[in-house]
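S.K.: Quick one, final-v5.cif (mmCIF, C-alpha atoms and all ligand atoms):
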data_data
loop_
_atom_site.label_atom_id
_atom_site.label_comp_id
_atom_site.auth_asym_id
_atom_site.auth_seq_id
_atom_site.Cartn_x
_atom_site.Cartn_y
_atom_site.Cartn_z
CA MET D 1 0.00 0.00 0.00
CA LEU D 2 2.73 2.48 0.99
CA ARG D 3 4.57 1.65 -2.19
CA ARG D 4 1.43 2.34 -4.26
CA ILE D 5 0.89 5.64 -2.48
CA SER D 6 4.46 6.62 -3.07
CA ILE D 7 4.25 5.75 -6.80
CA ALA D 8 0.99 7.70 -7.16
CA HIS D 9 2.49 10.68 -5.35
CA LYS D 10 5.54 10.66 -7.57
CA LEU D 11 3.31 10.57 -10.64
CA ILE D 12 1.23 13.47 -9.36
CA ASP D 13 4.28 15.56 -8.45
CA ALA D 14 5.98 14.85 -11.76
CA ALA D 15 2.81 15.69 -13.67
CA CYS D 16 2.38 18.97 -11.85
CA GLU D 17 5.96 19.91 -12.62
CA LYS D 18 5.60 18.94 -16.27
CA LEU D 19 2.29 20.74 -16.74
CA GLY D 20 3.67 23.85 -15.06
CA ARG D 21 0.21 25.35 -14.64
CA PRO D 22 -2.71 25.04 -12.25
CA PHE D 23 -5.33 22.53 -13.34
CA ASN D 24 -8.81 21.63 -12.13
CA ILE D 25 -10.27 18.21 -11.52
CA MET D 26 -13.97 17.90 -10.73
CA GLU D 27 -15.26 14.94 -8.76
CA VAL D 28 -18.81 14.17 -9.89
CA CYS D 29 -19.85 12.03 -6.98
CA GLY D 30 -20.85 13.00 -3.47
CA THR D 31 -19.25 9.83 -2.12
CA HIS D 32 -15.92 10.90 -3.66
CA THR D 33 -16.35 14.39 -2.20
CA VAL D 34 -16.80 13.04 1.31
CA ALA D 35 -14.00 10.47 0.94
CA ILE D 36 -11.64 13.19 -0.31
CA PHE D 37 -12.38 15.36 2.72
CA ARG D 38 -12.46 12.53 5.24
CA ASN D 39 -9.07 11.22 4.15
CA GLY D 40 -7.45 14.63 3.92
CA VAL D 41 -6.66 14.23 0.22
CA ARG D 42 -6.89 17.98 -0.37
CA THR D 43 -4.20 18.63 2.22
CA PHE D 44 -1.42 16.70 0.56
CA ILE D 45 -1.89 17.23 -3.15
CA PRO D 46 0.25 19.90 -4.84
CA GLN D 47 -1.13 23.44 -4.82
CA GLN D 48 -1.56 23.53 -8.56
CA MET D 49 -3.94 20.54 -8.55
CA ASN D 50 -7.30 22.01 -7.67
CA LEU D 51 -10.12 19.66 -6.69
CA ILE D 52 -13.61 20.96 -7.41
CA SER D 53 -16.75 19.32 -6.07
CA GLY D 54 -19.50 18.97 -8.66
CA PRO D 55 -23.19 18.07 -8.87
CA GLY D 56 -22.72 14.59 -7.45
CA CYS D 57 -25.02 14.56 -4.47
CA PRO D 58 -28.51 13.53 -5.60
CA VAL D 59 -30.32 15.16 -2.69
CA CYS D 60 -28.39 18.42 -3.23
CA VAL D 61 -29.18 18.69 -6.94
CA THR D 62 -32.89 18.05 -6.36
CA ASP D 63 -34.55 21.36 -7.11
CA GLN D 64 -36.45 23.35 -4.54
CA ARG D 65 -39.80 22.83 -6.29
CA TYR D 66 -39.51 19.10 -5.61
CA ILE D 67 -38.79 19.78 -1.92
CA GLU D 68 -41.77 22.15 -1.64
CA ASN D 69 -44.03 19.61 -3.35
CA CYS D 70 -42.93 16.89 -0.92
CA LEU D 71 -43.75 19.15 2.02
CA GLU D 72 -47.16 19.84 0.58
CA MET D 73 -47.90 16.15 0.06
CA ALA D 74 -46.70 15.37 3.60
CA GLN D 75 -49.69 17.32 4.91
CA ARG D 76 -52.19 14.98 3.29
CA ASP D 77 -53.70 12.57 5.77
CA ASP D 78 -54.65 10.14 3.02
CA CYS D 79 -50.98 9.59 2.10
CA ILE D 80 -47.75 8.29 3.57
CA ILE D 81 -44.51 9.70 2.22
CA ALA D 82 -41.75 7.08 2.08
CA THR D 83 -38.32 8.64 1.85
CA TYR D 84 -34.65 7.79 2.17
CA GLY D 85 -33.07 9.36 5.23
CA ASP D 86 -31.04 12.06 3.45
CA MET D 87 -34.16 13.89 2.28
CA ILE D 88 -35.80 14.19 5.65
CA ARG D 89 -34.05 17.35 6.88
CA VAL D 90 -33.80 19.29 3.62
CA PRO D 91 -35.37 22.65 4.40
CA GLY D 92 -38.29 24.14 2.52
CA THR D 93 -40.42 27.18 3.18
CA THR D 94 -42.58 25.37 5.71
CA GLY D 95 -39.85 23.42 7.50
CA SER D 96 -38.71 19.94 6.54
CA LEU D 97 -40.23 16.47 6.28
CA GLU D 98 -38.80 15.78 9.74
CA LYS D 99 -41.77 17.40 11.44
CA HIS D 100 -44.11 14.80 9.91
CA ARG D 101 -41.80 11.88 10.65
CA GLY D 102 -43.58 8.91 12.19
CA THR D 103 -46.99 10.09 11.04
CA ASN D 104 -47.30 11.02 7.37
CA VAL D 105 -43.60 10.57 6.65
CA ARG D 106 -41.62 7.34 7.08
CA VAL D 107 -37.93 6.73 6.44
CA VAL D 108 -37.25 3.66 4.33
CA PHE D 109 -34.00 1.88 3.56
CA SER D 110 -35.05 0.53 0.19
CA ALA D 111 -37.68 1.04 -2.47
CA GLU D 112 -39.05 -2.36 -1.53
CA ASP D 113 -39.74 -1.07 2.00
CA ALA D 114 -42.11 1.50 0.47
CA LEU D 115 -44.06 -1.25 -1.25
CA VAL D 116 -44.32 -3.12 2.05
CA LEU D 117 -45.68 0.07 3.64
CA ALA D 118 -48.33 0.24 0.94
CA LYS D 119 -49.38 -3.33 1.63
CA GLU D 120 -49.55 -2.63 5.37
CA ASN D 121 -51.58 0.55 4.91
CA PRO D 122 -54.30 -0.23 2.36
CA ASN D 123 -56.29 2.89 3.26
CA LYS D 124 -53.46 5.27 2.42
CA THR D 125 -51.49 5.98 -0.72
CA VAL D 126 -47.77 5.50 -0.23
CA ILE D 127 -45.64 7.93 -2.23
CA LEU D 128 -42.01 6.90 -2.65
CA LEU D 129 -39.69 9.90 -2.99
CA ALA D 130 -37.36 8.42 -5.58
CA VAL D 131 -34.28 10.62 -5.54
CA GLY D 132 -30.96 9.48 -6.94
CA PHE D 133 -28.89 8.92 -10.05
CA GLU D 134 -28.63 5.85 -12.26
CA THR D 135 -27.42 3.92 -9.21
CA THR D 136 -30.71 3.97 -7.32
CA ALA D 137 -33.14 4.24 -10.23
CA PRO D 138 -33.08 0.49 -11.06
CA ALA D 139 -34.42 -0.32 -7.56
CA THR D 140 -37.31 2.09 -8.20
CA ALA D 141 -37.95 0.42 -11.54
CA VAL D 142 -38.14 -2.98 -9.83
CA VAL D 143 -40.83 -1.87 -7.37
CA VAL D 144 -42.88 -0.10 -10.01
CA LYS D 145 -42.95 -3.29 -12.06
CA GLU D 146 -43.78 -5.30 -8.95
CA ALA D 147 -46.61 -2.95 -8.01
CA ALA D 148 -48.01 -3.27 -11.54
CA GLU D 149 -47.72 -7.06 -11.58
CA ARG D 150 -49.30 -7.47 -8.14
CA GLY D 151 -51.97 -4.82 -8.68
CA ILE D 152 -50.88 -2.68 -5.70
CA GLU D 153 -52.90 0.43 -6.41
CA ASN D 154 -52.16 2.49 -3.30
CA PHE D 155 -48.53 2.98 -4.30
CA CYS D 156 -46.85 5.60 -6.46
CA VAL D 157 -43.48 7.16 -7.12
CA TYR D 158 -42.49 10.81 -7.17
CA SER D 159 -39.50 10.49 -9.45
CA GLY D 160 -36.61 12.83 -8.81
CA HIS D 161 -34.18 10.49 -10.56
CA LYS D 162 -31.48 12.19 -12.58
CA LEU D 163 -28.86 11.28 -15.16
CA VAL D 164 -25.23 12.22 -14.70
CA ILE D 165 -23.95 12.69 -18.25
CA PRO D 166 -26.41 15.51 -19.21
CA ALA D 167 -25.28 17.44 -16.12
CA MET D 168 -21.62 17.06 -17.09
CA ARG D 169 -22.43 18.25 -20.58
CA THR D 170 -24.25 21.28 -19.19
CA LEU D 171 -21.29 22.21 -17.00
CA LEU D 172 -18.92 21.93 -19.95
CA SER D 173 -21.21 23.89 -22.25
CA ASN D 174 -20.66 26.93 -20.07
CA LYS D 175 -17.79 28.63 -21.85
CA ASN D 176 -16.43 29.89 -18.52
CA ASN D 177 -15.96 26.39 -17.17
CA ASN D 178 -12.42 25.67 -16.03
CA ILE D 179 -12.59 21.89 -15.76
CA ASP D 180 -9.60 19.97 -17.11
CA ALA D 181 -10.67 16.50 -16.08
CA PHE D 182 -13.32 14.52 -14.23
CA LEU D 183 -12.96 11.98 -11.48
CA CYS D 184 -16.06 10.07 -12.54
CA PRO D 185 -18.61 8.50 -10.22
CA GLY D 186 -17.85 4.89 -9.38
CA HIS D 187 -21.35 3.83 -8.36
CA VAL D 188 -23.04 5.32 -11.41
CA SER D 189 -20.39 3.81 -13.66
CA ILE D 190 -21.25 0.33 -12.40
CA ILE D 191 -24.66 0.83 -14.04
CA ILE D 192 -23.88 2.94 -17.12
CA GLY D 193 -20.36 1.60 -17.80
CA TYR D 194 -17.22 3.69 -18.25
CA GLY D 195 -17.86 3.78 -22.00
CA ALA D 196 -20.73 6.20 -21.32
CA PHE D 197 -18.20 8.95 -20.58
CA ARG D 198 -16.65 8.68 -24.03
CA GLU D 199 -18.99 11.40 -25.32
CA ILE D 200 -17.46 13.79 -22.76
CA VAL D 201 -14.02 13.00 -24.15
CA ASP D 202 -15.11 13.16 -27.80
CA ASP D 203 -17.33 16.23 -27.62
CA PHE D 204 -15.42 18.32 -25.06
CA GLY D 205 -11.90 16.91 -25.04
CA LYS D 206 -11.89 16.29 -21.30
CA VAL D 207 -10.11 13.49 -19.50
CA CYS D 208 -12.40 11.12 -17.55
CA VAL D 209 -11.17 8.61 -14.97
CA VAL D 210 -13.49 6.30 -13.04
CA ALA D 211 -12.20 5.39 -9.59
CA GLY D 212 -13.47 3.68 -6.46
CA PHE D 213 -13.87 5.27 -3.05
CA GLU D 214 -10.99 3.95 -0.99
CA PRO D 215 -8.33 6.63 -0.42
CA MET D 216 -5.84 4.57 -2.44
CA GLN D 217 -8.24 4.39 -5.39
CA ILE D 218 -8.85 8.12 -5.25
CA ILE D 219 -5.14 8.92 -5.20
CA GLU D 220 -4.47 6.50 -8.03
CA GLY D 221 -7.38 8.01 -9.95
CA LEU D 222 -5.85 11.46 -9.57
CA ALA D 223 -2.48 10.09 -10.62
CA GLU D 224 -4.06 8.54 -13.71
CA ILE D 225 -5.64 11.88 -14.58
CA CYS D 226 -2.22 13.50 -14.22
CA ARG D 227 -0.67 10.92 -16.52
CA LEU D 228 -3.30 11.51 -19.20
CA LEU D 229 -3.03 15.29 -18.92
CA THR D 230 0.76 15.33 -19.20
CA GLU D 231 0.71 12.92 -22.13
CA ASP D 232 -2.02 15.07 -23.67
CA LYS D 233 -4.25 12.02 -24.06
CA LYS D 234 -7.95 12.76 -24.05
CA GLU D 235 -9.30 9.43 -22.92
CA VAL D 236 -11.69 7.70 -20.59
CA VAL D 237 -10.08 5.19 -18.25
CA SER D 238 -11.49 3.10 -15.43
CA ILE D 239 -9.25 2.04 -12.60
CA TYR D 240 -12.29 0.66 -10.73
CA THR D 241 -11.90 -2.59 -12.60
CA ALA D 242 -13.30 -4.78 -9.82
CA VAL D 243 -16.85 -3.64 -10.55
CA VAL D 244 -16.96 -1.25 -13.51
CA THR D 245 -17.02 -2.57 -17.06
CA GLU D 246 -17.12 -0.68 -20.32
CA LYS D 247 -20.78 -1.43 -20.96
CA GLY D 248 -22.00 -1.45 -17.38
CA ASN D 249 -24.87 -3.45 -15.97
CA GLN D 250 -27.00 -4.14 -19.01
CA LYS D 251 -29.78 -5.81 -17.05
CA ALA D 252 -30.17 -2.66 -14.96
CA GLN D 253 -30.07 -0.50 -18.09
CA GLN D 254 -32.76 -2.68 -19.66
CA LEU D 255 -34.90 -2.30 -16.55
CA LEU D 256 -34.51 1.47 -16.65
CA SER D 257 -35.53 1.68 -20.28
CA GLU D 258 -38.52 -0.59 -19.63
CA VAL D 259 -39.93 1.61 -16.85
CA PHE D 260 -38.62 5.13 -17.46
CA ASP D 261 -38.36 7.69 -20.23
CA SER D 262 -35.79 10.46 -20.10
CA ALA D 263 -37.29 13.93 -19.90
CA ASP D 264 -36.18 17.51 -19.37
CA GLY D 265 -35.63 18.17 -15.70
CA TYR D 266 -34.75 20.94 -13.28
CA TRP D 267 -31.53 20.78 -11.29
CA ARG D 268 -30.53 22.99 -8.41
CA GLY D 269 -27.87 25.31 -9.74
CA LEU D 270 -27.88 23.97 -13.28
CA GLY D 271 -31.48 24.84 -14.14
CA LYS D 272 -33.42 22.98 -16.80
CA ILE D 273 -31.41 20.30 -18.56
CA GLU D 274 -32.67 18.45 -21.61
CA LYS D 275 -33.31 14.74 -21.14
CA SER D 276 -31.69 14.70 -17.73
CA SER D 277 -34.48 13.22 -15.61
CA LEU D 278 -36.28 9.91 -15.48
CA VAL D 279 -40.08 9.90 -15.61
CA LEU D 280 -42.34 6.87 -15.61
CA LYS D 281 -43.41 5.62 -19.02
CA PRO D 282 -47.10 6.06 -19.94
CA LYS D 283 -47.54 2.33 -19.36
CA TYR D 284 -46.86 2.94 -15.65
CA GLU D 285 -48.54 6.32 -15.29
CA GLN D 286 -50.95 5.04 -12.63
CA PHE D 287 -47.87 4.84 -10.37
CA ASP D 288 -46.70 8.33 -11.21
CA ALA D 289 -47.32 10.76 -8.34
CA VAL D 290 -47.02 13.73 -10.71
CA LYS D 291 -50.03 12.47 -12.66
CA ARG D 292 -51.95 11.18 -9.67
CA PHE D 293 -51.73 14.42 -7.70
CA ALA D 294 -51.38 16.92 -10.57
CA ILE D 295 -48.12 18.11 -9.07
CA ASN D 296 -46.86 21.59 -9.90
CA GLU D 297 -43.54 21.31 -11.71
CA GLN D 298 -42.79 24.95 -12.37
CA PRO D 299 -39.39 26.11 -11.07
CA TYR D 300 -39.31 27.58 -7.59
CA LYS D 301 -37.29 30.65 -6.72
CA ASP D 302 -35.23 30.04 -3.61
CA LYS D 303 -34.90 33.18 -1.52
CA SER D 304 -32.95 31.78 1.42
CA GLY D 305 -29.58 33.28 0.44
CA CYS D 306 -28.23 29.75 0.12
CA ARG D 307 -25.56 29.36 -2.58
CA CYS D 308 -25.85 25.58 -3.02
CA GLY D 309 -26.43 26.08 -6.75
CA GLU D 310 -23.01 27.68 -7.16
CA VAL D 311 -21.38 25.08 -4.91
CA LEU D 312 -22.86 22.31 -7.06
CA CYS D 313 -21.51 23.87 -10.25
CA GLY D 314 -18.04 24.19 -8.71
CA LEU D 315 -18.22 27.99 -8.97
CA ILE D 316 -17.56 28.62 -5.28
CA GLU D 317 -16.27 26.64 -2.34
CA SER D 318 -18.67 26.24 0.57
CA PRO D 319 -16.91 28.66 2.95
CA GLU D 320 -17.44 31.43 0.39
CA CYS D 321 -21.15 31.32 1.24
CA LYS D 322 -21.60 33.87 3.96
CA LEU D 323 -24.08 31.61 5.77
CA PHE D 324 -21.53 28.79 6.05
CA GLY D 325 -20.86 27.87 9.68
CA ASN D 326 -22.94 30.80 10.90
CA ALA D 327 -26.60 30.72 9.95
CA CYS D 328 -26.04 27.37 8.22
CA THR D 329 -24.67 24.38 10.12
CA PRO D 330 -25.51 20.65 10.03
CA GLN D 331 -27.69 21.22 13.10
CA GLU D 332 -29.55 24.15 11.49
CA PRO D 333 -29.10 23.69 7.73
CA VAL D 334 -30.26 26.33 5.29
CA GLY D 335 -29.53 24.37 2.12
CA PRO D 336 -29.36 20.69 1.10
CA CYS D 337 -25.57 20.71 0.69
CA MET D 338 -25.32 21.08 4.48
CA VAL D 339 -27.87 18.32 5.14
CA SER D 340 -26.93 15.39 2.99
CA GLY D 341 -24.29 12.91 4.05
CA GLU D 342 -22.84 13.47 0.57
CA GLY D 343 -23.21 17.26 0.62
CA THR D 344 -20.18 19.41 -0.11
CA CYS D 345 -20.98 22.01 2.56
CA ALA D 346 -21.46 19.28 5.17
CA ALA D 347 -18.09 17.79 4.18
CA TRP D 348 -16.38 21.20 4.44
CA TYR D 349 -18.03 21.78 7.81
CA LYS D 350 -17.17 18.40 9.24
CA TYR D 351 -13.62 18.00 8.00
CA ASN D 352 -12.22 21.35 6.96
CA ARG D 353 -14.11 24.28 8.42
CA LYS D 354 -11.17 25.55 10.48
CA ARG D 355 -8.95 25.73 7.44
CA HIS D 356 -11.53 27.30 5.11
CA THR D 357 -9.02 27.32 2.31
CA ARG D 358 -6.86 24.49 1.25
FE1 LIG D 401 -26.34 26.58 1.19
FE2 LIG D 401 -25.52 26.41 3.72
FE3 LIG D 401 -23.93 25.62 1.78
FE4 LIG D 401 -24.45 28.20 2.11
S1 LIG D 401 -23.34 26.87 3.52
S2 LIG D 401 -24.39 27.08 0.19
S3 LIG D 401 -26.56 28.13 2.80
S4 LIG D 401 -25.89 24.72 2.34
#
Would you encode the structure as structure tokens?

M.R.:
Amino acid sequence: MLRRISIAHKLIDAACEKLGRPFNIMEVCGTHTVAIFRNGVRTFIPQQMNLISGPGCPVCVTDQRYIENCLEMAQRDDCIIATYGDMIRVPGTTGSLEKHRGTNVRVVFSAEDALVLAKENPNKTVILLAVGFETTAPATAVVVKEAAERGIENFCVYSGHKLVIPAMRTLLSNKNNNIDAFLCPGHVSIIIGYGAFREIVDDFGKVCVVAGFEPMQIIEGLAEICRLLTEDKKEVVSIYTAVVTEKGNQKAQQLLSEVFDSADGYWRGLGKIEKSSLVLKPKYEQFDAVKRFAINEQPYKDKSGCRCGEVLCGLIESPECKLFGNACTPQEPVGPCMVSGEGTCAAWYKYNRKRHTR
């Protein structure tokens, strides 16, 4: 292990010297963000290698309209909201889902749990808040199919599922972007395959490296990016070979295309992105909460002073938000990036708030 670290370090140092300029690497995965902070990776990389956190936390990129809609639905006594834990404390204008916890809101650990809730509560409609990227969407697809097959009518899904590649394209389409390379999301890549990032290389000329989440994998991923940058090779490489293949999990992809269509969707910070969200196919519309409850999908203007949108686009670092550590803390969060276990502001607060700059 020490030998591997030393080799990776030498590669990074040599690359920085050879490049002779600052360069920016964006990690597009909240799990990477937290692992980078937790393991102090930012503290020992050379100054000219700048790590930027991107839109990789699914709860954080969920737009405020979705949050407000969830809060509204949580007030209905004919419904039970089933949600993963990360969503429960995201603030909206009338508080968070936390205040309804145990009554109209239940925390679930899997999509299947939501279906069980529906079976146990036949007089209520269970609404699964399905938030997540390609990693979690297949589990939602499984329960939608199961609900259809078993005729479970008091169950539906409020899909907040999002796709990673359209967000990366949107970031790169901004001519002011300063991204040289991406540390690509390991979990998502298991599903979509590392080959899916080839369009980022071909269309934007950016280096993409898929890595796992152990500190060693992250360091080796950064070293691999350095190698590609210094050799001026615009390529996609996976060093997460234990679980990521070029084509990904084709069964999961098949499941997604059976149950979902891609549609334009709103992202916090990035706005409306074409074909970036997953919505249920017409065949499954009876399980679509948007249709069942005629949910308002117009964008919502956040007035809290929270700068999560800029954090998610890598435009600012969390401490640059004047609420950071003052009005906004993990105990009293103002924005989702301070709530989620994968949120950039929460990671800054927990691991680096005294330093504030690298
Ligand atoms: Fe939003 Fe709080 Fe982060 Fe500021 S510190 S961007 S208010 S989550």

S.K.: Calculated over only C-alpha atoms and all ligand atoms, which of the candidates D:Pro138, D:Pro282, D:Pro91, D:Gly54 has the smallest distance to ligand LIG 401 (chain D)?

M.R.: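 With only C-alpha atoms and all ligand atoms as the atom set, the closest residue is D:Pro91.
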
S.K.: Of the candidates D:Ala211, D:Leu115, D:Cys321, D:Ile190, which one gets nearest to D:Ala148 if we count only C-alpha atoms?

M.R.: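 Closest to D:Ala148, using only C-alpha atoms: D:Leu115.
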
S.K.: Which residues form the shell of 6 Å around ligand LIG 401 (chain D) when you count all atoms listed in the file, given as number ranges by chain?

M.R.: D: 306-308, 318, 321, 323-324, 328, 334-338, 345

S.K.: Find the residues around D:Glu17 up to 10 Å (all atoms listed in the file counted), leave out those fewer than 4 positions away in its own chain, and share them as a PyMOL selection string.

M.R.: chain D and resi 11-13+21+46+48+230

S.K.: Check which residues of stretch 62-179 of chain D sit at most 10 Å from stretch 287-297 of chain D using only C-alpha atoms, and return one row each with the closest pair of atoms and their distance in Å to one decimal, ordered by chain and rising number, as a Markdown table.

M.R.:
| residue | atom | partner | partner_atom | distance |
| --- | --- | --- | --- | --- |
| D:Arg65 | CA | D:Glu297 | CA | 6.8 |
| D:Tyr66 | CA | D:Glu297 | CA | 7.6 |
| D:Glu68 | CA | D:Asn296 | CA | 9.7 |
| D:Asn69 | CA | D:Ile295 | CA | 7.2 |
| D:Cys70 | CA | D:Ile295 | CA | 9.7 |
| D:Glu72 | CA | D:Ile295 | CA | 9.9 |
| D:Met73 | CA | D:Phe293 | CA | 8.8 |
| D:Thr125 | CA | D:Ala289 | CA | 9.9 |
| D:Val126 | CA | D:Ala289 | CA | 9.7 |
| D:Ile127 | CA | D:Ala289 | CA | 6.9 |
| D:Leu128 | CA | D:Ala289 | CA | 8.7 |
| D:Leu129 | CA | D:Ala289 | CA | 9.4 |
| D:Val144 | CA | D:Phe287 | CA | 7.0 |
| D:Lys145 | CA | D:Phe287 | CA | 9.7 |
| D:Ala147 | CA | D:Phe287 | CA | 8.2 |
| D:Ala148 | CA | D:Phe287 | CA | 8.2 |
| D:Ile152 | CA | D:Phe287 | CA | 9.3 |
| D:Glu153 | CA | D:Phe287 | CA | 7.8 |
| D:Asn154 | CA | D:Phe287 | CA | 8.6 |
| D:Phe155 | CA | D:Phe287 | CA | 6.4 |
| D:Cys156 | CA | D:Phe287 | CA | 4.1 |
| D:Val157 | CA | D:Asp288 | CA | 5.3 |
| D:Tyr158 | CA | D:Ala289 | CA | 5.0 |
| D:Ser159 | CA | D:Asp288 | CA | 7.7 |

S.K.: I need the residue nearest D:Ala137 from this list: D:Gly205, D:Pro185, D:Pro58, D:Pro166. Use all atoms listed in the file for the distance.

M.R.: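 For D:Ala137, the nearest of the given residues is D:Pro58.
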
S.K.: Between D:Ala15, D:Ile191, D:Leu278, D:Gly269, which residue has the minimum interatomic distance to D:Ile316, considering all atoms listed in the file?

M.R.: D:Gly269

S.K.: Is it possible to add N, CA and C atoms to stretch 61-82 of chain D and hand it back as a compact mmCIF listing (two decimals), keeping the file's coordinate frame?

M.R.:
# COMPACT_ATOMS: atom_id res chain seq x y z
N VAL D 61 -28.80 18.16 -5.63
CA VAL D 61 -29.18 18.69 -6.94
C VAL D 61 -30.70 18.68 -7.16
N THR D 62 -31.42 18.06 -6.24
CA THR D 62 -32.89 18.05 -6.36
C THR D 62 -33.40 19.47 -6.17
N ASP D 63 -34.18 19.93 -7.12
CA ASP D 63 -34.55 21.36 -7.11
C ASP D 63 -35.57 21.65 -6.00
N GLN D 64 -35.63 22.93 -5.68
CA GLN D 64 -36.45 23.35 -4.54
C GLN D 64 -37.94 23.09 -4.76
N ARG D 65 -38.38 23.12 -6.02
CA ARG D 65 -39.80 22.83 -6.29
C ARG D 65 -40.15 21.43 -5.80
N TYR D 66 -39.26 20.48 -6.05
CA TYR D 66 -39.51 19.10 -5.61
C TYR D 66 -39.65 19.07 -4.09
N ILE D 67 -38.76 19.78 -3.40
CA ILE D 67 -38.79 19.78 -1.92
C ILE D 67 -40.12 20.37 -1.44
N GLU D 68 -40.51 21.50 -2.05
CA GLU D 68 -41.77 22.15 -1.64
C GLU D 68 -42.96 21.22 -1.90
N ASN D 69 -42.93 20.53 -3.02
CA ASN D 69 -44.03 19.61 -3.35
C ASN D 69 -44.11 18.47 -2.33
N CYS D 70 -42.94 17.98 -1.92
CA CYS D 70 -42.93 16.89 -0.92
C CYS D 70 -43.55 17.38 0.39
N LEU D 71 -43.21 18.60 0.77
CA LEU D 71 -43.75 19.15 2.02
C LEU D 71 -45.26 19.30 1.94
N GLU D 72 -45.71 19.68 0.76
CA GLU D 72 -47.16 19.84 0.58
C GLU D 72 -47.86 18.48 0.69
N MET D 73 -47.28 17.48 0.04
CA MET D 73 -47.90 16.15 0.06
C MET D 73 -47.87 15.54 1.46
N ALA D 74 -46.83 15.92 2.23
CA ALA D 74 -46.70 15.37 3.60
C ALA D 74 -47.84 15.83 4.50
N GLN D 75 -48.57 16.84 4.08
CA GLN D 75 -49.69 17.32 4.91
C GLN D 75 -50.98 16.57 4.64
N ARG D 76 -50.96 15.72 3.63
CA ARG D 76 -52.19 14.98 3.29
C ARG D 76 -52.35 13.78 4.23
N ASP D 77 -53.49 13.68 4.84
CA ASP D 77 -53.70 12.57 5.77
C ASP D 77 -54.08 11.27 5.06
N ASP D 78 -54.33 11.37 3.76
CA ASP D 78 -54.65 10.14 3.02
C ASP D 78 -53.39 9.52 2.39
N CYS D 79 -52.23 10.09 2.72
CA CYS D 79 -50.98 9.59 2.10
C CYS D 79 -49.91 9.33 3.15
N ILE D 80 -48.98 8.46 2.79
CA ILE D 80 -47.75 8.29 3.57
C ILE D 80 -46.60 8.56 2.61
N ILE D 81 -45.70 9.45 3.03
CA ILE D 81 -44.51 9.70 2.22
C ILE D 81 -43.41 8.75 2.68
N ALA D 82 -42.87 7.98 1.75
CA ALA D 82 -41.75 7.08 2.08
C ALA D 82 -40.49 7.69 1.48
